[in-house]
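Next comes final-v4.cif, with mmCIF, N, CA and C atoms and all ligand atoms.
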data_final
loop_
_atom_site.label_atom_id
_atom_site.label_comp_id
_atom_site.auth_asym_id
_atom_site.auth_seq_id
_atom_site.Cartn_x
_atom_site.Cartn_y
_atom_site.Cartn_z
N MET D 27 94.24 84.81 101.14
CA MET D 27 95.31 84.44 102.08
C MET D 27 95.51 85.56 103.10
N HIS D 28 95.55 85.19 104.36
CA HIS D 28 95.80 86.15 105.42
C HIS D 28 97.31 86.31 105.64
N ILE D 29 97.65 87.38 106.33
CA ILE D 29 99.07 87.63 106.62
C ILE D 29 99.68 86.43 107.35
N HIS D 30 98.94 85.88 108.29
CA HIS D 30 99.44 84.73 109.06
C HIS D 30 99.75 83.54 108.14
N GLU D 31 98.86 83.32 107.18
CA GLU D 31 99.06 82.20 106.25
C GLU D 31 100.27 82.44 105.35
N PHE D 32 100.44 83.69 104.91
CA PHE D 32 101.61 84.02 104.10
C PHE D 32 102.89 83.77 104.92
N GLN D 33 102.87 84.21 106.17
CA GLN D 33 104.05 84.02 107.02
C GLN D 33 104.35 82.53 107.22
N GLU D 34 103.30 81.73 107.40
CA GLU D 34 103.49 80.28 107.53
C GLU D 34 104.07 79.67 106.25
N MET D 35 103.60 80.16 105.10
CA MET D 35 104.13 79.67 103.82
C MET D 35 105.62 79.99 103.71
N MET D 36 105.98 81.21 104.12
CA MET D 36 107.39 81.60 104.08
C MET D 36 108.23 80.74 105.02
N LYS D 37 107.61 80.37 106.15
CA LYS D 37 108.31 79.49 107.10
C LYS D 37 108.57 78.13 106.47
N GLN D 38 107.56 77.58 105.79
CA GLN D 38 107.73 76.29 105.11
C GLN D 38 108.83 76.37 104.05
N LEU D 39 108.84 77.47 103.31
CA LEU D 39 109.78 77.61 102.21
C LEU D 39 111.21 77.90 102.68
N TYR D 40 111.36 78.76 103.67
CA TYR D 40 112.69 79.34 103.94
C TYR D 40 113.21 79.27 105.35
N PHE D 41 112.40 78.77 106.31
CA PHE D 41 112.86 78.84 107.70
C PHE D 41 114.20 78.14 107.91
N HIS D 42 114.40 77.01 107.23
CA HIS D 42 115.66 76.27 107.41
C HIS D 42 116.86 77.11 107.01
N ARG D 43 116.68 77.98 106.01
CA ARG D 43 117.78 78.85 105.59
C ARG D 43 117.83 80.12 106.44
N ASP D 44 116.64 80.70 106.70
CA ASP D 44 116.56 81.95 107.46
C ASP D 44 117.14 81.77 108.87
N SER D 45 116.84 80.65 109.48
CA SER D 45 117.30 80.43 110.86
C SER D 45 118.82 80.31 110.91
N LYS D 46 119.42 79.77 109.85
CA LYS D 46 120.91 79.68 109.80
C LYS D 46 121.53 81.05 109.57
N ARG D 47 120.87 81.87 108.73
CA ARG D 47 121.41 83.20 108.43
C ARG D 47 121.35 84.11 109.65
N GLY D 48 120.29 83.95 110.43
CA GLY D 48 120.16 84.72 111.66
C GLY D 48 119.48 86.06 111.48
N VAL D 49 119.23 86.72 112.62
CA VAL D 49 118.48 87.98 112.64
C VAL D 49 119.25 89.09 111.91
N LYS D 50 120.53 89.24 112.22
CA LYS D 50 121.31 90.34 111.63
C LYS D 50 121.35 90.23 110.10
N GLY D 51 121.69 89.05 109.60
CA GLY D 51 121.78 88.86 108.15
C GLY D 51 120.45 89.03 107.45
N THR D 52 119.40 88.54 108.08
CA THR D 52 118.06 88.64 107.48
C THR D 52 117.59 90.09 107.50
N TYR D 53 117.89 90.79 108.58
CA TYR D 53 117.54 92.22 108.66
C TYR D 53 118.27 93.00 107.55
N GLU D 54 119.52 92.66 107.31
CA GLU D 54 120.29 93.34 106.25
C GLU D 54 119.68 93.07 104.87
N TRP D 55 119.23 91.83 104.64
CA TRP D 55 118.56 91.51 103.38
C TRP D 55 117.30 92.34 103.21
N LEU D 56 116.53 92.45 104.29
CA LEU D 56 115.31 93.26 104.26
C LEU D 56 115.65 94.69 103.89
N GLY D 57 116.72 95.21 104.47
CA GLY D 57 117.15 96.57 104.14
C GLY D 57 117.51 96.71 102.67
N ASP D 58 118.20 95.71 102.13
CA ASP D 58 118.55 95.74 100.70
C ASP D 58 117.28 95.76 99.85
N GLU D 59 116.29 94.96 100.26
CA GLU D 59 115.05 94.91 99.48
C GLU D 59 114.29 96.24 99.55
N PHE D 60 114.35 96.92 100.69
CA PHE D 60 113.75 98.27 100.78
C PHE D 60 114.44 99.22 99.82
N GLY D 61 115.76 99.08 99.72
CA GLY D 61 116.51 99.92 98.79
C GLY D 61 116.07 99.67 97.35
N GLU D 62 115.87 98.40 97.01
CA GLU D 62 115.43 98.07 95.65
C GLU D 62 114.01 98.58 95.40
N LEU D 63 113.16 98.52 96.42
CA LEU D 63 111.81 99.09 96.28
C LEU D 63 111.89 100.59 96.02
N GLY D 64 112.78 101.25 96.74
CA GLY D 64 112.95 102.69 96.54
C GLY D 64 113.39 103.02 95.12
N LYS D 65 114.30 102.21 94.57
CA LYS D 65 114.76 102.43 93.19
C LYS D 65 113.62 102.24 92.20
N ALA D 66 112.82 101.19 92.40
CA ALA D 66 111.69 100.92 91.50
C ALA D 66 110.67 102.06 91.55
N LEU D 67 110.43 102.57 92.75
CA LEU D 67 109.48 103.69 92.90
C LEU D 67 110.01 104.94 92.20
N LYS D 68 111.31 105.14 92.29
CA LYS D 68 111.93 106.34 91.72
C LYS D 68 111.77 106.40 90.20
N VAL D 69 111.85 105.23 89.55
CA VAL D 69 111.73 105.20 88.09
C VAL D 69 110.30 104.91 87.62
N SER D 70 109.36 104.86 88.59
CA SER D 70 107.94 104.63 88.27
C SER D 70 107.72 103.39 87.41
N ASP D 71 108.41 102.30 87.76
CA ASP D 71 108.25 101.03 87.05
C ASP D 71 107.28 100.18 87.86
N LYS D 72 106.02 100.14 87.43
CA LYS D 72 104.97 99.47 88.20
C LYS D 72 105.25 97.97 88.39
N GLU D 73 105.69 97.30 87.32
CA GLU D 73 105.94 95.86 87.43
C GLU D 73 107.10 95.58 88.39
N ALA D 74 108.18 96.35 88.27
CA ALA D 74 109.31 96.18 89.18
C ALA D 74 108.92 96.54 90.61
N THR D 75 108.09 97.58 90.76
CA THR D 75 107.64 98.00 92.08
C THR D 75 106.84 96.88 92.74
N GLU D 76 105.97 96.24 91.97
CA GLU D 76 105.16 95.14 92.50
C GLU D 76 106.06 94.01 92.99
N LYS D 77 107.07 93.67 92.20
CA LYS D 77 108.00 92.59 92.60
C LYS D 77 108.78 92.96 93.85
N GLU D 78 109.17 94.21 93.95
CA GLU D 78 109.93 94.63 95.14
C GLU D 78 109.06 94.65 96.38
N PHE D 79 107.78 95.03 96.23
CA PHE D 79 106.87 94.93 97.37
C PHE D 79 106.79 93.47 97.84
N ALA D 80 106.73 92.54 96.88
CA ALA D 80 106.67 91.12 97.24
C ALA D 80 107.93 90.71 97.99
N ASP D 81 109.08 91.17 97.53
CA ASP D 81 110.33 90.83 98.22
C ASP D 81 110.36 91.41 99.63
N VAL D 82 109.89 92.64 99.78
CA VAL D 82 109.90 93.28 101.11
C VAL D 82 109.02 92.51 102.09
N ILE D 83 107.81 92.14 101.66
CA ILE D 83 106.93 91.42 102.60
C ILE D 83 107.47 90.01 102.86
N ALA D 84 108.12 89.41 101.86
CA ALA D 84 108.70 88.08 102.06
C ALA D 84 109.82 88.12 103.09
N TRP D 85 110.71 89.10 102.96
CA TRP D 85 111.83 89.20 103.91
C TRP D 85 111.35 89.67 105.27
N LEU D 86 110.30 90.49 105.31
CA LEU D 86 109.72 90.89 106.59
C LEU D 86 109.14 89.65 107.30
N ALA D 87 108.47 88.80 106.54
CA ALA D 87 107.91 87.56 107.11
C ALA D 87 109.04 86.64 107.58
N SER D 88 110.13 86.56 106.82
CA SER D 88 111.27 85.74 107.24
C SER D 88 111.85 86.25 108.56
N LEU D 89 112.01 87.55 108.66
CA LEU D 89 112.54 88.14 109.89
C LEU D 89 111.60 87.89 111.07
N ALA D 90 110.31 88.01 110.81
CA ALA D 90 109.32 87.73 111.86
C ALA D 90 109.40 86.26 112.29
N ASN D 91 109.58 85.37 111.32
CA ASN D 91 109.66 83.93 111.65
C ASN D 91 110.85 83.63 112.56
N ILE D 92 111.99 84.19 112.26
CA ILE D 92 113.16 83.83 113.08
C ILE D 92 113.21 84.59 114.41
N THR D 93 112.35 85.61 114.55
CA THR D 93 112.28 86.30 115.84
C THR D 93 111.04 85.86 116.63
N GLY D 94 110.25 84.95 116.06
CA GLY D 94 109.08 84.43 116.78
C GLY D 94 107.94 85.42 116.89
N ILE D 95 107.84 86.33 115.93
CA ILE D 95 106.77 87.32 115.92
C ILE D 95 105.70 86.90 114.91
N ASP D 96 104.43 86.93 115.33
CA ASP D 96 103.30 86.69 114.43
C ASP D 96 102.91 88.06 113.85
N LEU D 97 103.25 88.27 112.58
CA LEU D 97 103.03 89.57 111.94
C LEU D 97 101.57 90.01 111.99
N GLU D 98 100.67 89.10 111.69
CA GLU D 98 99.25 89.46 111.66
C GLU D 98 98.78 89.88 113.04
N ARG D 99 99.17 89.12 114.05
CA ARG D 99 98.78 89.45 115.43
C ARG D 99 99.35 90.81 115.82
N ALA D 100 100.62 91.03 115.50
CA ALA D 100 101.28 92.29 115.85
C ALA D 100 100.59 93.48 115.17
N ALA D 101 100.29 93.31 113.88
CA ALA D 101 99.68 94.40 113.11
C ALA D 101 98.29 94.73 113.64
N ILE D 102 97.49 93.68 113.89
CA ILE D 102 96.12 93.91 114.36
C ILE D 102 96.09 94.44 115.79
N ARG D 103 97.03 93.99 116.60
CA ARG D 103 97.08 94.50 117.98
C ARG D 103 97.35 96.01 117.99
N LYS D 104 98.20 96.46 117.06
CA LYS D 104 98.54 97.88 117.06
C LYS D 104 97.57 98.71 116.21
N TYR D 105 97.16 98.17 115.06
CA TYR D 105 96.31 98.93 114.12
C TYR D 105 94.98 98.23 113.95
N ASN D 106 94.19 98.21 115.01
CA ASN D 106 92.92 97.48 114.97
C ASN D 106 91.77 98.41 114.61
N GLY D 107 91.77 98.87 113.36
CA GLY D 107 90.66 99.68 112.87
C GLY D 107 90.71 101.14 113.24
N LYS D 108 91.77 101.54 113.96
CA LYS D 108 91.88 102.96 114.31
C LYS D 108 93.36 103.30 114.49
N CYS D 109 93.66 104.58 114.37
CA CYS D 109 95.03 105.05 114.54
C CYS D 109 95.47 104.80 115.99
N PRO D 110 96.66 104.18 116.19
CA PRO D 110 97.10 103.91 117.56
C PRO D 110 97.42 105.17 118.37
N LYS D 111 97.62 106.30 117.70
CA LYS D 111 97.95 107.54 118.42
C LYS D 111 96.69 108.30 118.82
N CYS D 112 95.85 108.64 117.82
CA CYS D 112 94.68 109.48 118.11
C CYS D 112 93.41 108.65 118.35
N LYS D 113 93.49 107.33 118.09
CA LYS D 113 92.36 106.41 118.30
C LYS D 113 91.18 106.71 117.38
N GLN D 114 91.41 107.38 116.25
CA GLN D 114 90.36 107.74 115.31
C GLN D 114 90.51 106.97 114.00
N SER D 115 89.40 106.89 113.25
CA SER D 115 89.42 106.36 111.89
C SER D 115 88.47 107.17 111.03
N PRO D 116 88.98 107.88 110.02
CA PRO D 116 90.40 107.97 109.67
C PRO D 116 91.19 108.80 110.67
N CYS D 117 92.50 108.60 110.63
CA CYS D 117 93.43 109.29 111.54
C CYS D 117 93.21 110.81 111.49
N GLN D 118 93.22 111.40 112.69
CA GLN D 118 93.05 112.85 112.80
C GLN D 118 94.32 113.52 113.35
N CYS D 119 95.41 112.79 113.39
CA CYS D 119 96.66 113.36 113.91
C CYS D 119 97.10 114.54 113.05
N THR D 120 97.70 115.53 113.68
CA THR D 120 98.26 116.65 112.94
C THR D 120 99.74 116.38 112.68
N PHE D 121 100.19 116.78 111.52
CA PHE D 121 101.60 116.56 111.17
C PHE D 121 102.37 117.88 111.18
ZN ZN S 201 96.08 109.48 114.25
#
Please re-express this file's structure in structure tokens.
Ligand SMILES: [Zn+2]
Amino acid sequence: MHIHEFQEMMKQLYFHRDSKRGVKGTYEWLGDEFGELGKALKVSDKEATEKEFADVIAWLASLANITGIDLERAAIRKYNGKCPKCKQSPCQCTF
């Protein structure tokens, strides 16, 4: 399954609810899910971490759906096989 297909599946499942909740509410849910991912990472619970990653990408896809953004297109346009800053692969940027 490609990112685009996952996003379409999320649209089928949740767009009717996501569109009513709106951008602000959906963004806040995404933030909550990031917080839960952080907690799972902190306690090194692999199963919980996996579930939280799923929630984060699901809410990210929901937010993309209600803002009319194609996640796969956006990701590939910016990260198309090389770092968008230094244009290298692997990235050669200094930190
Ligand atoms: Zn770089």
Q: May I have the residues within 10 Å of range 34-51 of chain D as JSON, numbers by chain, using only C-alpha atoms and disregarding those fewer than 4 positions away in the same chain?
A: {"D": [28, 29, 30, 55, 56, 57, 83, 84, 85, 86, 87, 88, 89, 90, 91, 92, 93, 96]}
**Q.** Test item: residues lying within 6.5 Å of ligand ZN 201 (chain S) with all atoms listed in the file, as a PyMOL selection string
**A.** chain D and resi 109-114+116-120
Q.
As an exercise, work out the distance from atom C of Val82 in chain D to atom N of Ser115 in chain D in Å and give it to one decimal place.
A.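 The value is 26.8 Å.
Rounded to one decimal, atom N of Glu59 in chain D and atom C of Thr75 in chain D lie 12.2 Å from each other.
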Q: Using DSSP on the backbone, list every residue of chain D that comes out as alpha helix (DSSP H), and give them as an MDAnalysis selection string.
A: chainID D and resid 29:68 72:93 97:104
Q: Tell me which of D:Glu78, D:Gln33, D:Arg103, D:Gly94 sits closest to Glu62 in chain D, counting all atoms listed in the file.
A: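 For Glu62 in chain D, the nearest of the candidates is D:Glu78.
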Q. How many Å lie between atom C of Lys65 in chain D and atom C of Lys77 in chain D, rounded to one decimal?
A.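 A separation of 10.6 Å between them.
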Enclose all atoms of range 27-38 of chain D listed in the file in an axis-aligned box, grow every side by 3 Å, and hand back centre and edge lengths in Å to one decimal, as JSON.
{"center_x": 101.5, "center_y": 82.0, "center_z": 105.1, "size_x": 20.6, "size_y": 17.3, "size_z": 13.9}
Could you add the missing atoms to range 59-78 of chain D, up to N, CA, C and O atoms, and return them as a CSV table (one decimal), in the frame of the given file?
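Wrote it out as part.csv, contents follow:
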chain,number,residue,atom,x,y,z
D,59,GLU,N,116.3,95.0,100.3
D,59,GLU,CA,115.0,94.9,99.5
D,59,GLU,C,114.3,96.2,99.6
D,59,GLU,O,113.7,96.7,98.6
D,60,PHE,N,114.4,96.9,100.7
D,60,PHE,CA,113.8,98.3,100.8
D,60,PHE,C,114.4,99.2,99.8
D,60,PHE,O,113.8,100.0,99.2
D,61,GLY,N,115.8,99.1,99.7
D,61,GLY,CA,116.5,99.9,98.8
D,61,GLY,C,116.1,99.7,97.4
D,61,GLY,O,115.9,100.6,96.6
D,62,GLU,N,115.9,98.4,97.0
D,62,GLU,CA,115.4,98.1,95.6
D,62,GLU,C,114.0,98.6,95.4
D,62,GLU,O,113.7,99.0,94.3
D,63,LEU,N,113.2,98.5,96.4
D,63,LEU,CA,111.8,99.1,96.3
D,63,LEU,C,111.9,100.6,96.0
D,63,LEU,O,111.2,101.1,95.1
D,64,GLY,N,112.8,101.2,96.7
D,64,GLY,CA,113.0,102.7,96.5
D,64,GLY,C,113.4,103.0,95.1
D,64,GLY,O,112.9,104.0,94.5
D,65,LYS,N,114.3,102.2,94.6
D,65,LYS,CA,114.8,102.4,93.2
D,65,LYS,C,113.6,102.2,92.2
D,65,LYS,O,113.5,103.0,91.3
D,66,ALA,N,112.8,101.2,92.4
D,66,ALA,CA,111.7,100.9,91.5
D,66,ALA,C,110.7,102.1,91.6
D,66,ALA,O,110.1,102.5,90.5
D,67,LEU,N,110.4,102.6,92.8
D,67,LEU,CA,109.5,103.7,92.9
D,67,LEU,C,110.0,104.9,92.2
D,67,LEU,O,109.2,105.7,91.6
D,68,LYS,N,111.3,105.1,92.3
D,68,LYS,CA,111.9,106.3,91.7
D,68,LYS,C,111.8,106.4,90.2
D,68,LYS,O,111.6,107.5,89.6
D,69,VAL,N,111.8,105.2,89.6
D,69,VAL,CA,111.7,105.2,88.1
D,69,VAL,C,110.3,104.9,87.6
D,69,VAL,O,110.1,104.7,86.4
D,70,SER,N,109.4,104.9,88.6
D,70,SER,CA,107.9,104.6,88.3
D,70,SER,C,107.7,103.4,87.4
D,70,SER,O,107.0,103.4,86.4
D,71,ASP,N,108.4,102.3,87.8
D,71,ASP,CA,108.2,101.0,87.0
D,71,ASP,C,107.3,100.2,87.9
D,71,ASP,O,107.7,99.6,88.9
D,72,LYS,N,106.0,100.1,87.4
D,72,LYS,CA,105.0,99.5,88.2
D,72,LYS,C,105.2,98.0,88.4
D,72,LYS,O,105.1,97.4,89.5
D,73,GLU,N,105.7,97.3,87.3
D,73,GLU,CA,105.9,95.9,87.4
D,73,GLU,C,107.1,95.6,88.4
D,73,GLU,O,107.0,94.7,89.2
D,74,ALA,N,108.2,96.4,88.3
D,74,ALA,CA,109.3,96.2,89.2
D,74,ALA,C,108.9,96.5,90.6
D,74,ALA,O,109.3,95.9,91.6
D,75,THR,N,108.1,97.6,90.8
D,75,THR,CA,107.6,98.0,92.1
D,75,THR,C,106.8,96.9,92.7
D,75,THR,O,107.0,96.6,93.9
D,76,GLU,N,106.0,96.2,92.0
D,76,GLU,CA,105.2,95.1,92.5
D,76,GLU,C,106.1,94.0,93.0
D,76,GLU,O,105.9,93.4,94.1
D,77,LYS,N,107.1,93.7,92.2
D,77,LYS,CA,108.0,92.6,92.6
D,77,LYS,C,108.8,93.0,93.8
D,77,LYS,O,109.0,92.1,94.7
D,78,GLU,N,109.2,94.2,94.0
D,78,GLU,CA,109.9,94.6,95.1
D,78,GLU,C,109.1,94.6,96.4
D,78,GLU,O,109.5,94.3,97.5
